[in-house]
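Undergrad: The following file, model_30.cif, comprises mmCIF, C-alpha atoms:
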```cif
data_target
#
loop_
_atom_site.label_atom_id
_atom_site.label_comp_id
_atom_site.auth_asym_id
_atom_site.auth_seq_id
_atom_site.Cartn_x
_atom_site.Cartn_y
_atom_site.Cartn_z
CA MET A 30 135.55 55.52 63.92
CA SER A 31 133.86 52.87 61.79
CA VAL A 32 134.05 54.84 58.56
CA LYS A 33 137.86 54.76 58.71
CA ASN A 34 137.78 51.10 57.69
CA LYS A 35 136.02 52.04 54.44
CA LEU A 36 137.78 55.30 53.67
CA SER A 37 139.12 56.53 50.34
CA ILE A 38 141.22 59.70 50.40
CA ILE A 39 141.41 61.33 46.96
CA LEU A 40 143.95 64.01 46.05
CA PRO A 41 143.85 65.69 42.60
CA SER A 42 147.37 66.84 41.80
CA LYS A 43 149.26 68.67 39.07
CA ASN A 44 152.97 69.26 39.67
CA GLU A 45 152.61 69.27 43.46
CA GLY A 46 155.65 67.08 44.15
CA ALA A 47 157.15 69.50 46.67
CA SER A 48 154.04 69.29 48.85
CA LEU A 49 153.38 65.57 48.33
CA ARG A 50 156.75 64.58 49.81
CA VAL A 51 155.46 65.73 53.19
CA LEU A 52 151.70 65.33 52.75
CA LEU A 53 151.45 61.69 51.68
CA PRO A 54 153.52 60.24 54.57
CA GLU A 55 151.43 62.29 57.00
CA ILE A 56 148.16 60.96 55.56
CA ILE A 57 149.42 57.37 55.61
CA ASN A 58 150.62 57.73 59.19
CA LEU A 59 147.25 59.07 60.38
CA PHE A 60 145.10 56.71 58.30
CA PRO A 61 147.12 53.54 57.64
CA GLU A 62 143.99 51.54 56.72
CA ALA A 63 142.63 54.11 54.28
CA GLU A 64 142.80 53.84 50.49
CA VAL A 65 144.88 56.81 49.30
CA ILE A 66 144.38 57.76 45.65
CA LEU A 67 146.55 60.36 43.95
CA VAL A 68 145.14 61.55 40.63
CA ASN A 69 148.09 62.73 38.57
CA ASP A 70 146.57 65.31 36.24
CA GLY A 71 149.30 65.44 33.61
CA SER A 72 152.15 66.34 35.99
CA THR A 73 155.64 66.83 34.58
CA ASP A 74 157.48 66.59 37.91
CA ASP A 75 158.33 63.57 40.08
CA THR A 76 154.75 62.97 41.29
CA SER A 77 154.69 59.37 40.03
CA GLU A 78 157.95 58.51 41.80
CA ILE A 79 156.63 59.99 45.07
CA CYS A 80 153.50 57.86 44.76
CA ARG A 81 155.60 54.75 44.21
CA LEU A 82 157.82 55.44 47.21
CA ASN A 83 154.77 55.91 49.45
CA ASN A 84 152.90 52.92 48.01
CA VAL A 85 150.00 55.17 47.00
CA LYS A 86 147.49 54.27 44.30
CA GLU A 87 148.09 56.56 41.34
CA VAL A 88 145.56 57.38 38.62
CA ARG A 89 147.34 59.07 35.73
CA HIS A 90 145.97 61.45 33.13
CA PRO A 91 148.12 61.57 29.96
CA TYR A 92 147.53 65.33 29.89
CA SER A 93 145.94 67.89 32.18
CA LYS A 94 142.15 67.61 32.12
CA GLY A 95 141.30 69.87 35.05
CA ASN A 96 140.57 69.61 38.74
CA GLY A 97 137.02 68.40 38.26
CA ALA A 98 138.12 65.69 35.83
CA ALA A 99 140.68 64.52 38.40
CA ILE A 100 137.97 64.33 41.06
CA LYS A 101 135.84 62.20 38.74
CA SER A 102 138.73 59.87 37.92
CA GLY A 103 139.55 59.46 41.60
CA THR A 104 135.93 58.77 42.50
CA ARG A 105 135.62 56.07 39.83
CA ALA A 106 138.79 54.40 41.11
CA ALA A 107 137.76 54.54 44.78
CA THR A 108 136.39 51.51 46.60
CA GLY A 109 135.56 53.12 49.95
CA ASP A 110 132.07 53.87 51.26
CA THR A 111 133.26 57.29 52.42
CA LEU A 112 135.28 59.64 50.22
CA VAL A 113 137.64 62.38 51.37
CA PHE A 114 138.63 65.06 48.88
CA MET A 115 141.52 67.36 49.71
CA ASP A 116 144.04 69.50 47.85
CA ALA A 117 147.54 68.19 47.23
CA ASP A 118 149.21 71.60 47.60
CA GLY A 119 149.58 71.52 51.40
CA GLN A 120 146.69 73.85 52.23
CA HIS A 121 144.59 71.18 53.93
CA SER A 122 145.70 69.44 57.10
CA PRO A 123 145.19 65.64 57.21
CA ALA A 124 144.51 66.00 60.93
CA ASP A 125 141.23 67.74 60.08
CA ILE A 126 139.91 64.63 58.31
CA SER A 127 139.00 63.01 61.64
CA ARG A 128 137.07 66.12 62.65
CA LEU A 129 135.13 66.11 59.38
CA LEU A 130 134.35 62.39 59.77
CA GLU A 131 133.18 62.93 63.34
CA LYS A 132 130.73 65.62 62.23
CA MET A 133 129.58 63.39 59.38
CA ASP A 134 128.75 60.65 61.90
CA SER A 135 126.18 63.00 63.45
CA GLY A 136 123.90 62.55 60.43
CA TYR A 137 125.35 64.47 57.49
CA ASP A 138 125.75 63.14 53.95
CA MET A 139 128.57 65.56 53.19
CA VAL A 140 130.70 67.74 55.45
CA VAL A 141 132.77 70.60 54.02
CA GLY A 142 135.82 72.22 55.58
CA ALA A 143 134.92 75.92 55.74
CA ARG A 144 137.94 78.20 55.48
CA SER A 145 138.28 81.21 57.75
CA ARG A 146 138.75 84.74 56.39
CA GLU A 147 142.44 84.52 57.26
CA SER A 148 142.77 81.35 55.16
CA GLN A 149 141.80 83.02 51.89
CA ALA A 150 144.64 83.27 49.36
CA SER A 151 144.04 86.95 48.60
CA VAL A 152 141.63 89.81 49.17
CA GLY A 153 140.17 89.21 45.72
CA ARG A 154 139.50 85.56 46.49
CA LEU A 155 137.97 86.54 49.85
CA VAL A 156 135.56 88.98 48.17
CA ALA A 157 134.63 86.50 45.44
CA ASN A 158 134.10 83.58 47.83
CA SER A 159 132.09 85.75 50.23
CA PHE A 160 129.80 86.69 47.36
CA TYR A 161 129.42 83.05 46.26
CA ASN A 162 128.55 82.04 49.82
CA LYS A 163 125.86 84.70 50.15
CA PHE A 164 124.46 84.01 46.70
CA GLY A 165 124.41 80.25 47.29
CA SER A 166 122.77 80.74 50.69
CA TRP A 167 120.04 82.82 49.05
CA MET A 168 119.46 80.14 46.43
CA VAL A 169 119.00 77.27 48.90
CA ASP A 170 117.57 79.27 51.82
CA LYS A 171 120.22 77.80 54.09
CA ARG A 172 123.52 79.16 55.29
CA ILE A 173 126.50 78.09 53.19
CA ASP A 174 129.80 78.78 54.96
CA ASP A 175 132.16 77.90 52.09
CA LEU A 176 130.76 77.10 48.64
CA THR A 177 134.11 76.62 46.89
CA SER A 178 136.12 74.63 49.43
CA GLY A 179 137.71 71.51 47.96
CA PHE A 180 138.21 69.85 51.37
CA ARG A 181 135.22 67.63 52.10
CA VAL A 182 134.04 64.17 53.16
CA VAL A 183 131.04 62.57 51.51
CA LYS A 184 129.16 59.30 51.22
CA ALA A 185 130.39 57.57 48.07
CA ASN A 186 127.02 56.22 46.91
CA LEU A 187 125.49 59.70 47.03
CA PHE A 188 128.43 61.46 45.43
CA ASN A 189 128.31 59.04 42.50
CA GLN A 190 124.78 60.26 41.79
CA VAL A 191 126.03 63.77 41.01
CA LEU A 192 129.27 62.73 39.31
CA HIS A 193 127.90 63.30 35.80
CA LEU A 194 127.04 66.91 36.71
CA LEU A 195 130.59 67.86 37.66
CA PRO A 196 132.58 70.05 35.25
CA ASN A 197 136.16 69.23 34.36
CA GLY A 198 137.38 72.59 35.65
CA PHE A 199 137.62 74.30 39.03
CA SER A 200 133.95 74.52 40.01
CA TYR A 201 133.39 70.94 41.15
CA PRO A 202 132.89 72.00 44.83
CA THR A 203 130.17 74.46 43.86
CA THR A 204 128.44 72.00 41.56
CA SER A 205 128.47 69.10 44.01
CA THR A 206 127.27 71.26 46.91
CA MET A 207 124.30 72.70 45.01
CA ALA A 208 123.40 69.28 43.63
CA PHE A 209 123.37 67.82 47.16
CA PHE A 210 121.04 70.56 48.34
CA ARG A 211 118.77 69.98 45.34
CA PHE A 212 118.59 66.23 46.07
CA GLY A 213 117.69 66.98 49.68
CA PHE A 214 120.89 65.47 51.09
CA SER A 215 122.30 66.83 54.35
CA VAL A 216 125.28 69.20 54.00
CA GLY A 217 127.28 70.36 57.02
CA TYR A 218 130.20 72.72 57.52
CA LEU A 219 133.14 72.62 59.90
CA PRO A 220 135.57 75.55 60.39
CA ILE A 221 139.14 74.81 59.31
CA THR A 222 142.34 76.79 58.88
CA ALA A 223 143.93 76.43 55.47
CA ASP A 224 147.69 76.91 55.28
CA LYS A 225 149.48 78.77 52.52
CA ARG A 226 149.92 76.52 49.52
CA VAL A 227 153.31 75.07 48.59
CA GLY A 228 154.46 76.42 45.24
CA GLU A 229 152.56 78.65 42.82
CA SER A 230 148.82 78.57 42.20
CA HIS A 231 147.53 77.17 38.91
CA ILE A 232 144.70 79.72 38.86
CA ASN A 233 144.84 82.45 36.21
CA LEU A 234 143.15 85.58 37.55
CA VAL A 235 141.71 86.72 34.20
CA LYS A 236 140.75 83.36 32.69
CA ASP A 237 139.47 81.84 35.91
CA GLY A 238 137.92 85.13 37.01
CA VAL A 239 135.55 84.91 34.03
CA ARG A 240 135.03 81.22 34.71
CA PHE A 241 134.13 81.85 38.35
CA PHE A 242 131.75 84.61 37.28
CA LEU A 243 129.90 82.05 35.17
CA ILE A 244 129.68 79.83 38.25
CA ILE A 245 127.13 82.27 39.64
CA PHE A 246 124.73 81.41 36.83
CA LYS A 247 125.54 77.73 37.09
CA ILE A 248 124.60 77.82 40.77
CA GLY A 249 121.16 79.07 39.79
CA THR A 250 120.56 76.62 36.97
CA LEU A 251 121.71 73.71 39.14
CA TYR A 252 119.40 74.49 42.02
CA SER A 253 116.45 76.61 40.88
CA PRO A 254 116.56 78.41 37.51
CA PHE A 255 113.43 80.37 38.42
CA LYS A 256 115.36 82.21 41.13
CA ILE A 257 117.66 83.54 38.40
CA PHE A 258 115.26 84.13 35.51
CA ILE A 259 112.25 85.54 37.41
CA PRO A 260 114.08 88.60 38.83
CA ILE A 261 115.59 89.33 35.40
CA SER A 262 112.19 88.95 33.75
CA PHE A 263 110.57 91.19 36.36
CA LEU A 264 113.26 93.85 35.91
CA LEU A 265 112.79 93.89 32.12
CA PHE A 266 109.01 93.98 32.51
CA THR A 267 109.25 96.91 34.94
CA LEU A 268 111.57 98.81 32.61
CA GLY A 269 109.29 98.11 29.65
CA MET A 270 106.15 99.27 31.47
CA GLY A 271 107.99 102.29 32.83
CA ARG A 272 109.17 103.19 29.35
CA TYR A 273 105.66 102.71 27.97
CA VAL A 274 104.04 104.93 30.61
CA TYR A 275 106.69 107.61 30.09
CA THR A 276 106.34 107.72 26.29
CA TYR A 277 102.54 107.45 26.43
CA LEU A 278 102.24 110.42 28.78
CA LEU A 279 104.81 112.37 26.75
CA THR A 280 103.84 111.60 23.15
CA SER A 281 100.90 109.13 23.41
CA THR A 282 102.99 106.45 21.63
CA PHE A 283 104.06 102.88 22.26
CA THR A 284 107.73 102.76 21.25
CA ASN A 285 109.83 99.94 19.84
CA MET A 286 111.98 100.03 22.98
CA SER A 287 108.94 99.36 25.17
CA ALA A 288 107.92 96.48 22.92
CA LEU A 289 111.45 95.05 22.98
CA LEU A 290 111.71 95.19 26.77
CA LEU A 291 108.28 93.65 27.34
CA SER A 292 108.75 90.88 24.79
CA THR A 293 112.21 90.10 26.16
CA SER A 294 110.81 89.85 29.69
CA LEU A 295 108.29 87.29 28.41
CA LEU A 296 111.01 85.30 26.64
CA VAL A 297 113.22 85.28 29.75
CA PHE A 298 110.26 84.09 31.83
CA LEU A 299 109.54 81.25 29.38
CA ILE A 300 113.22 80.24 29.27
CA GLY A 301 113.22 80.13 33.06
CA LEU A 302 110.07 78.01 33.04
CA VAL A 303 111.55 75.50 30.59
CA SER A 304 114.86 75.43 32.51
CA GLU A 305 113.01 74.74 35.75
CA GLN A 306 111.15 71.84 34.17
CA ILE A 307 114.34 70.37 32.68
CA THR A 308 116.18 70.66 36.00
CA THR A 309 113.30 68.99 37.82
CA LEU A 310 113.23 66.11 35.34
CA ILE A 311 116.99 65.59 35.63
CA TYR A 312 116.90 65.32 39.41
CA GLN A 313 113.74 63.19 39.38
CA SER A 314 115.47 60.79 36.99
CA GLN A 315 118.52 60.52 39.22
CA SER A 316 116.37 60.06 42.34
CA GLY A 317 114.46 57.28 40.60
CA GLN A 318 117.70 55.49 39.69
CA HIS A 319 118.86 55.75 43.31
CA ASP A 320 115.56 54.30 44.58
CA ASN A 321 115.83 51.39 42.14
CA GLU A 322 119.39 50.64 43.27
CA GLN A 323 118.24 50.52 46.89
#
```
As structure tokens, please, write out the structure in this file.
TA:
Amino acid sequence: MSVKNKLSIILPSKNEGASLRVLLPEIINLFPEAEVILVNDGSTDDTSEICRLNNVKEVRHPYSKGNGAAIKSGTRAATGDTLVFMDADGQHSPADISRLLEKMDSGYDMVVGARSRESQASVGRLVANSFYNKFGSWMVDKRIDDLTSGFRVVKANLFNQVLHLLPNGFSYPTTSTMAFFRFGFSVGYLPITADKRVGESHINLVKDGVRFFLIIFKIGTLYSPFKIFIPISFLLFTLGMGRYVYTYLLTSTFTNMSALLLSTSLLVFLIGLVSEQITTLIYQSQSGQHDNEQ
């Protein structure tokens, strides 16, 4: 495949030495011509030594900055026309890279490895990811099979356009996917089986549970804020009018609660309108820069 000659494989890693001892040789054996970049996100184990032994390009963070920050560092260091992002914990099989690249050759700008139900780390993660997929699909009016998968191949020049939008934390897959849909780029999905990770997860259920909940709102503001704010505004307006009709028929009064609900619905609508305009301007600016570069 022609893209293999211009391939950069990027692995964000934090204390994943146990997995890297097996994973890196396997990647190098399958893709000897590829540029392999290991982003060491403040590891305290022997990650650096493993990179040296495997002759892998290492990008080091002096302290842990987060998965998204590691993705950004790896992207800036990459020289390939096609980027592969995969986890360093042993969940993703290097053999699937060729399958993702093959699907990408059929006309996609980004192809994501979609995990099966059996590949989810826990029931809680399955429920959360299923909700994200349905919510994201509603936002873009297209089916999204796995919104949070970190295993993906993408055209480097297009991914660099959304790099500034990526957070430093765990939601880079969500952000990049929604940004690609907003730009009108082609996003495809390919079923994969993710193995059980080597070692313990770095995800904190309480802290990251709240963070992932906020992702829902970020999905909306990244793609179409109106789809988030209009239903909320409509709900508040309906409650306000319902309250007004009830109190008017009961006591012939217009209560403070009715006024609060109606005025809040107007404010939410106006916030949504401004957010929609700001989002449109941001993407128009990025599209204009891309056109000028071409």
Undergrad: Go through A:Tyr218, A:Phe180, A:Phe114, A:Phe164 and flag the residue nearest Ala99 (chain A), using all atoms listed in the file for the distances.
TA: A:Phe114
Undergrad: Would you list the contacts of region 256-266 of chain A as a VMD selection string, taking every protein, DNA or RNA residue within 10 Å and counting all atoms listed in the file, but skipping same-chain residues closer than 5 positions in sequence?
TA: chain A and resid 167 to 169 245 to 250 271 to 272 287 to 302 304 to 305
Undergrad: Since I can't run it myself right now, could you work out what the PyMOL selection byres ((chain A and resi 166) around 12) selects here and report it as an NGL selection string?
TA: :A and (159-165 or 167-176 or 203 or 206-207 or 210 or 245 or 248-249 or 252)
Undergrad: Write the residues you've just listed into a file as a short mmCIF file (atom, residue, chain, number, x, y, z; two decimals), in the frame of the given file, and include C-alpha atoms for each of them.
TA:
```
data_model
loop_
_atom_site.label_atom_id
_atom_site.label_comp_id
_atom_site.auth_asym_id
_atom_site.auth_seq_id
_atom_site.Cartn_x
_atom_site.Cartn_y
_atom_site.Cartn_z
CA SER A 159 132.09 85.75 50.23
CA PHE A 160 129.80 86.69 47.36
CA TYR A 161 129.42 83.05 46.26
CA ASN A 162 128.55 82.04 49.82
CA LYS A 163 125.86 84.70 50.15
CA PHE A 164 124.46 84.01 46.70
CA GLY A 165 124.41 80.25 47.29
CA TRP A 167 120.04 82.82 49.05
CA MET A 168 119.46 80.14 46.43
CA VAL A 169 119.00 77.27 48.90
CA ASP A 170 117.57 79.27 51.82
CA LYS A 171 120.22 77.80 54.09
CA ARG A 172 123.52 79.16 55.29
CA ILE A 173 126.50 78.09 53.19
CA ASP A 174 129.80 78.78 54.96
CA ASP A 175 132.16 77.90 52.09
CA LEU A 176 130.76 77.10 48.64
CA THR A 203 130.17 74.46 43.86
CA THR A 206 127.27 71.26 46.91
CA MET A 207 124.30 72.70 45.01
CA PHE A 210 121.04 70.56 48.34
CA ILE A 245 127.13 82.27 39.64
CA ILE A 248 124.60 77.82 40.77
CA GLY A 249 121.16 79.07 39.79
CA TYR A 252 119.40 74.49 42.02
#
```
Undergrad: Please write the residues picked by the PyMOL selection byres ((chain A and resi 129) around 8) on this file as a ChimeraX atom specification.
TA: /A:125-128,130-133,140-142,181-182,219
Undergrad: Can you pull out every residue within 10 Å of region 118-124 of chain A, counting all atoms listed in the file, but drop anything in the same chain fewer than 6 positions away, and send it as a PyMOL selection string?
TA: chain A and resi 38+40-49+51-53+55-60+142+144+148+179-180+221-230
Undergrad: With distances taken over all atoms listed in the file, which residue among A:Ser37, A:Thr309, A:Thr280, A:Ser253 lies nearest Val113 (chain A)?
TA: A:Ser37
Undergrad: Distance CA of Tyr201 (chain A)-CA of Asp75 (chain A), one decimal place?
TA: 26.0 Å
Undergrad: Report the residues retrieved by the PyMOL selection byres ((chain A and resi 65) around 7) from the displayed file, expressed as a PDB file with C-alpha atoms, in the coordinates of the input.
TA:
```
ATOM      1  CA  SER A  37     139.120  56.530  50.340  1.00  0.00           C
ATOM      2  CA  ILE A  38     141.220  59.700  50.400  1.00  0.00           C
ATOM      3  CA  ILE A  39     141.410  61.330  46.960  1.00  0.00           C
ATOM      4  CA  ALA A  63     142.630  54.110  54.280  1.00  0.00           C
ATOM      5  CA  GLU A  64     142.800  53.840  50.490  1.00  0.00           C
ATOM      6  CA  ILE A  66     144.380  57.760  45.650  1.00  0.00           C
ATOM      7  CA  LEU A  67     146.550  60.360  43.950  1.00  0.00           C
ATOM      8  CA  VAL A  85     150.000  55.170  47.000  1.00  0.00           C
ATOM      9  CA  LYS A  86     147.490  54.270  44.300  1.00  0.00           C
TER      10      LYS A  86
END
```
Undergrad: Please list as an mmCIF file with C-alpha atoms, in the frame of the given file every residue within 9 Å of Ala185 (chain A), counting only C-alpha atoms and excluding residues in the same chain fewer than 4 positions away.
TA:
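Output file around.cif follows:
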```
data_model
loop_
_atom_site.group_PDB
_atom_site.id
_atom_site.type_symbol
_atom_site.label_atom_id
_atom_site.label_comp_id
_atom_site.auth_asym_id
_atom_site.auth_seq_id
_atom_site.Cartn_x
_atom_site.Cartn_y
_atom_site.Cartn_z
ATOM 1 C CA THR A 104 135.930 58.770 42.500
ATOM 2 C CA ALA A 107 137.760 54.540 44.780
ATOM 3 C CA THR A 108 136.390 51.510 46.600
ATOM 4 C CA GLY A 109 135.560 53.120 49.950
ATOM 5 C CA ASP A 110 132.070 53.870 51.260
ATOM 6 C CA THR A 111 133.260 57.290 52.420
ATOM 7 C CA LEU A 112 135.280 59.640 50.220
ATOM 8 C CA ASN A 189 128.310 59.040 42.500
ATOM 9 C CA GLN A 190 124.780 60.260 41.790
#
```
Undergrad: Mind giving me the straight-line distance from CA of Asn96 (chain A) to CA of Val191 (chain A) in Å, one decimal?
TA: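 The value is 15.8 Å.
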Undergrad: Which one of A:Asn158, A:Asp116, A:Pro54, A:Gly269 sits closest to Cys80 (chain A) if you count all atoms listed in the file?
TA: A:Pro54
Undergrad: How many Å lie between CA of Pro202 (chain A) and CA of Asp70 (chain A), rounded to one decimal?
TA: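 About the pair CA of Pro202 (chain A) and CA of Asp70 (chain A): they are 17.5 Å apart.
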Undergrad: Can you put N, CA and C atoms back into region 67-100 of chain A and show it as a PDB file, keeping the file's coordinate frame?
TA:
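Final file, part_32.pdb:
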```pdb
ATOM      1  N   LEU A  67     145.977  59.130  44.491  1.00  0.00           N
ATOM      2  CA  LEU A  67     146.550  60.360  43.950  1.00  0.00           C
ATOM      3  C   LEU A  67     146.230  60.411  42.468  1.00  0.00           C
ATOM      4  N   VAL A  68     145.468  61.397  42.048  1.00  0.00           N
ATOM      5  CA  VAL A  68     145.140  61.550  40.630  1.00  0.00           C
ATOM      6  C   VAL A  68     146.143  62.510  40.012  1.00  0.00           C
ATOM      7  N   ASN A  69     147.032  61.966  39.224  1.00  0.00           N
ATOM      8  CA  ASN A  69     148.090  62.730  38.570  1.00  0.00           C
ATOM      9  C   ASN A  69     147.540  63.348  37.297  1.00  0.00           C
ATOM     10  N   ASP A  70     147.220  64.634  37.367  1.00  0.00           N
ATOM     11  CA  ASP A  70     146.570  65.310  36.240  1.00  0.00           C
ATOM     12  C   ASP A  70     147.600  65.891  35.275  1.00  0.00           C
ATOM     13  N   GLY A  71     148.330  65.012  34.620  1.00  0.00           N
ATOM     14  CA  GLY A  71     149.300  65.440  33.610  1.00  0.00           C
ATOM     15  C   GLY A  71     150.524  66.126  34.183  1.00  0.00           C
ATOM     16  N   SER A  72     150.977  65.714  35.364  1.00  0.00           N
ATOM     17  CA  SER A  72     152.150  66.340  35.990  1.00  0.00           C
ATOM     18  C   SER A  72     153.419  66.045  35.194  1.00  0.00           C
ATOM     19  N   THR A  73     154.351  66.996  35.251  1.00  0.00           N
ATOM     20  CA  THR A  73     155.640  66.830  34.580  1.00  0.00           C
ATOM     21  C   THR A  73     156.783  66.743  35.588  1.00  0.00           C
ATOM     22  N   ASP A  74     156.442  66.685  36.890  1.00  0.00           N
ATOM     23  CA  ASP A  74     157.480  66.590  37.910  1.00  0.00           C
ATOM     24  C   ASP A  74     157.602  65.131  38.366  1.00  0.00           C
ATOM     25  N   ASP A  75     158.086  64.930  39.586  1.00  0.00           N
ATOM     26  CA  ASP A  75     158.330  63.570  40.080  1.00  0.00           C
ATOM     27  C   ASP A  75     157.152  63.013  40.891  1.00  0.00           C
ATOM     28  N   THR A  76     155.933  63.429  40.563  1.00  0.00           N
ATOM     29  CA  THR A  76     154.750  62.970  41.290  1.00  0.00           C
ATOM     30  C   THR A  76     154.626  61.447  41.277  1.00  0.00           C
ATOM     31  N   SER A  77     154.833  60.831  40.139  1.00  0.00           N
ATOM     32  CA  SER A  77     154.690  59.370  40.030  1.00  0.00           C
ATOM     33  C   SER A  77     155.687  58.648  40.928  1.00  0.00           C
ATOM     34  N   GLU A  78     156.914  59.136  40.973  1.00  0.00           N
ATOM     35  CA  GLU A  78     157.950  58.510  41.800  1.00  0.00           C
ATOM     36  C   GLU A  78     157.584  58.635  43.285  1.00  0.00           C
ATOM     37  N   ILE A  79     157.035  59.779  43.669  1.00  0.00           N
ATOM     38  CA  ILE A  79     156.630  59.990  45.070  1.00  0.00           C
ATOM     39  C   ILE A  79     155.503  59.022  45.432  1.00  0.00           C
ATOM     40  N   CYS A  80     154.589  58.809  44.516  1.00  0.00           N
ATOM     41  CA  CYS A  80     153.500  57.860  44.760  1.00  0.00           C
ATOM     42  C   CYS A  80     154.047  56.442  44.949  1.00  0.00           C
ATOM     43  N   ARG A  81     155.014  56.086  44.121  1.00  0.00           N
ATOM     44  CA  ARG A  81     155.600  54.750  44.210  1.00  0.00           C
ATOM     45  C   ARG A  81     156.321  54.552  45.533  1.00  0.00           C
ATOM     46  N   LEU A  82     157.069  55.540  45.962  1.00  0.00           N
ATOM     47  CA  LEU A  82     157.820  55.440  47.210  1.00  0.00           C
ATOM     48  C   LEU A  82     156.900  55.335  48.424  1.00  0.00           C
ATOM     49  N   ASN A  83     155.710  55.942  48.326  1.00  0.00           N
ATOM     50  CA  ASN A  83     154.770  55.910  49.450  1.00  0.00           C
ATOM     51  C   ASN A  83     153.709  54.830  49.297  1.00  0.00           C
ATOM     52  N   ASN A  84     153.853  54.016  48.259  1.00  0.00           N
ATOM     53  CA  ASN A  84     152.900  52.920  48.010  1.00  0.00           C
ATOM     54  C   ASN A  84     151.471  53.439  47.924  1.00  0.00           C
ATOM     55  N   VAL A  85     151.305  54.525  47.171  1.00  0.00           N
ATOM     56  CA  VAL A  85     150.000  55.170  47.000  1.00  0.00           C
ATOM     57  C   VAL A  85     149.442  54.813  45.627  1.00  0.00           C
ATOM     58  N   LYS A  86     148.158  54.578  45.566  1.00  0.00           N
ATOM     59  CA  LYS A  86     147.490  54.270  44.300  1.00  0.00           C
ATOM     60  C   LYS A  86     147.461  55.521  43.427  1.00  0.00           C
ATOM     61  N   GLU A  87     148.032  55.416  42.242  1.00  0.00           N
ATOM     62  CA  GLU A  87     148.090  56.560  41.340  1.00  0.00           C
ATOM     63  C   GLU A  87     147.184  56.341  40.136  1.00  0.00           C
ATOM     64  N   VAL A  88     146.365  57.357  39.838  1.00  0.00           N
ATOM     65  CA  VAL A  88     145.560  57.380  38.620  1.00  0.00           C
ATOM     66  C   VAL A  88     146.138  58.484  37.740  1.00  0.00           C
ATOM     67  N   ARG A  89     146.618  58.106  36.566  1.00  0.00           N
ATOM     68  CA  ARG A  89     147.340  59.070  35.730  1.00  0.00           C
ATOM     69  C   ARG A  89     146.504  59.544  34.555  1.00  0.00           C
ATOM     70  N   HIS A  90     146.527  60.859  34.334  1.00  0.00           N
ATOM     71  CA  HIS A  90     145.970  61.450  33.130  1.00  0.00           C
ATOM     72  C   HIS A  90     147.139  61.712  32.173  1.00  0.00           C
ATOM     73  N   PRO A  91     147.027  61.337  30.899  1.00  0.00           N
ATOM     74  CA  PRO A  91     148.120  61.570  29.960  1.00  0.00           C
ATOM     75  C   PRO A  91     148.390  63.054  29.700  1.00  0.00           C
ATOM     76  N   TYR A  92     147.397  63.876  30.003  1.00  0.00           N
ATOM     77  CA  TYR A  92     147.530  65.330  29.890  1.00  0.00           C
ATOM     78  C   TYR A  92     146.582  65.949  30.901  1.00  0.00           C
ATOM     79  N   SER A  93     146.750  67.228  31.169  1.00  0.00           N
ATOM     80  CA  SER A  93     145.940  67.890  32.180  1.00  0.00           C
ATOM     81  C   SER A  93     144.496  68.054  31.697  1.00  0.00           C
ATOM     82  N   LYS A  94     143.565  67.521  32.476  1.00  0.00           N
ATOM     83  CA  LYS A  94     142.150  67.610  32.120  1.00  0.00           C
ATOM     84  C   LYS A  94     141.380  68.572  33.021  1.00  0.00           C
ATOM     85  N   GLY A  95     141.978  68.962  34.132  1.00  0.00           N
ATOM     86  CA  GLY A  95     141.300  69.870  35.050  1.00  0.00           C
ATOM     87  C   GLY A  95     141.014  69.231  36.390  1.00  0.00           C
ATOM     88  N   ASN A  96     140.807  70.082  37.376  1.00  0.00           N
ATOM     89  CA  ASN A  96     140.570  69.610  38.740  1.00  0.00           C
ATOM     90  C   ASN A  96     139.324  68.749  38.859  1.00  0.00           C
ATOM     91  N   GLY A  97     138.253  69.172  38.207  1.00  0.00           N
ATOM     92  CA  GLY A  97     137.020  68.400  38.260  1.00  0.00           C
ATOM     93  C   GLY A  97     137.161  67.036  37.621  1.00  0.00           C
ATOM     94  N   ALA A  98     137.883  66.972  36.501  1.00  0.00           N
ATOM     95  CA  ALA A  98     138.120  65.690  35.830  1.00  0.00           C
ATOM     96  C   ALA A  98     138.925  64.761  36.730  1.00  0.00           C
ATOM     97  N   ALA A  99     139.880  65.327  37.474  1.00  0.00           N
ATOM     98  CA  ALA A  99     140.680  64.520  38.400  1.00  0.00           C
ATOM     99  C   ALA A  99     139.812  63.967  39.526  1.00  0.00           C
ATOM    100  N   ILE A 100     138.883  64.781  40.011  1.00  0.00           N
ATOM    101  CA  ILE A 100     137.970  64.330  41.060  1.00  0.00           C
ATOM    102  C   ILE A 100     137.130  63.156  40.538  1.00  0.00           C
TER     103      ILE A 100
END
```
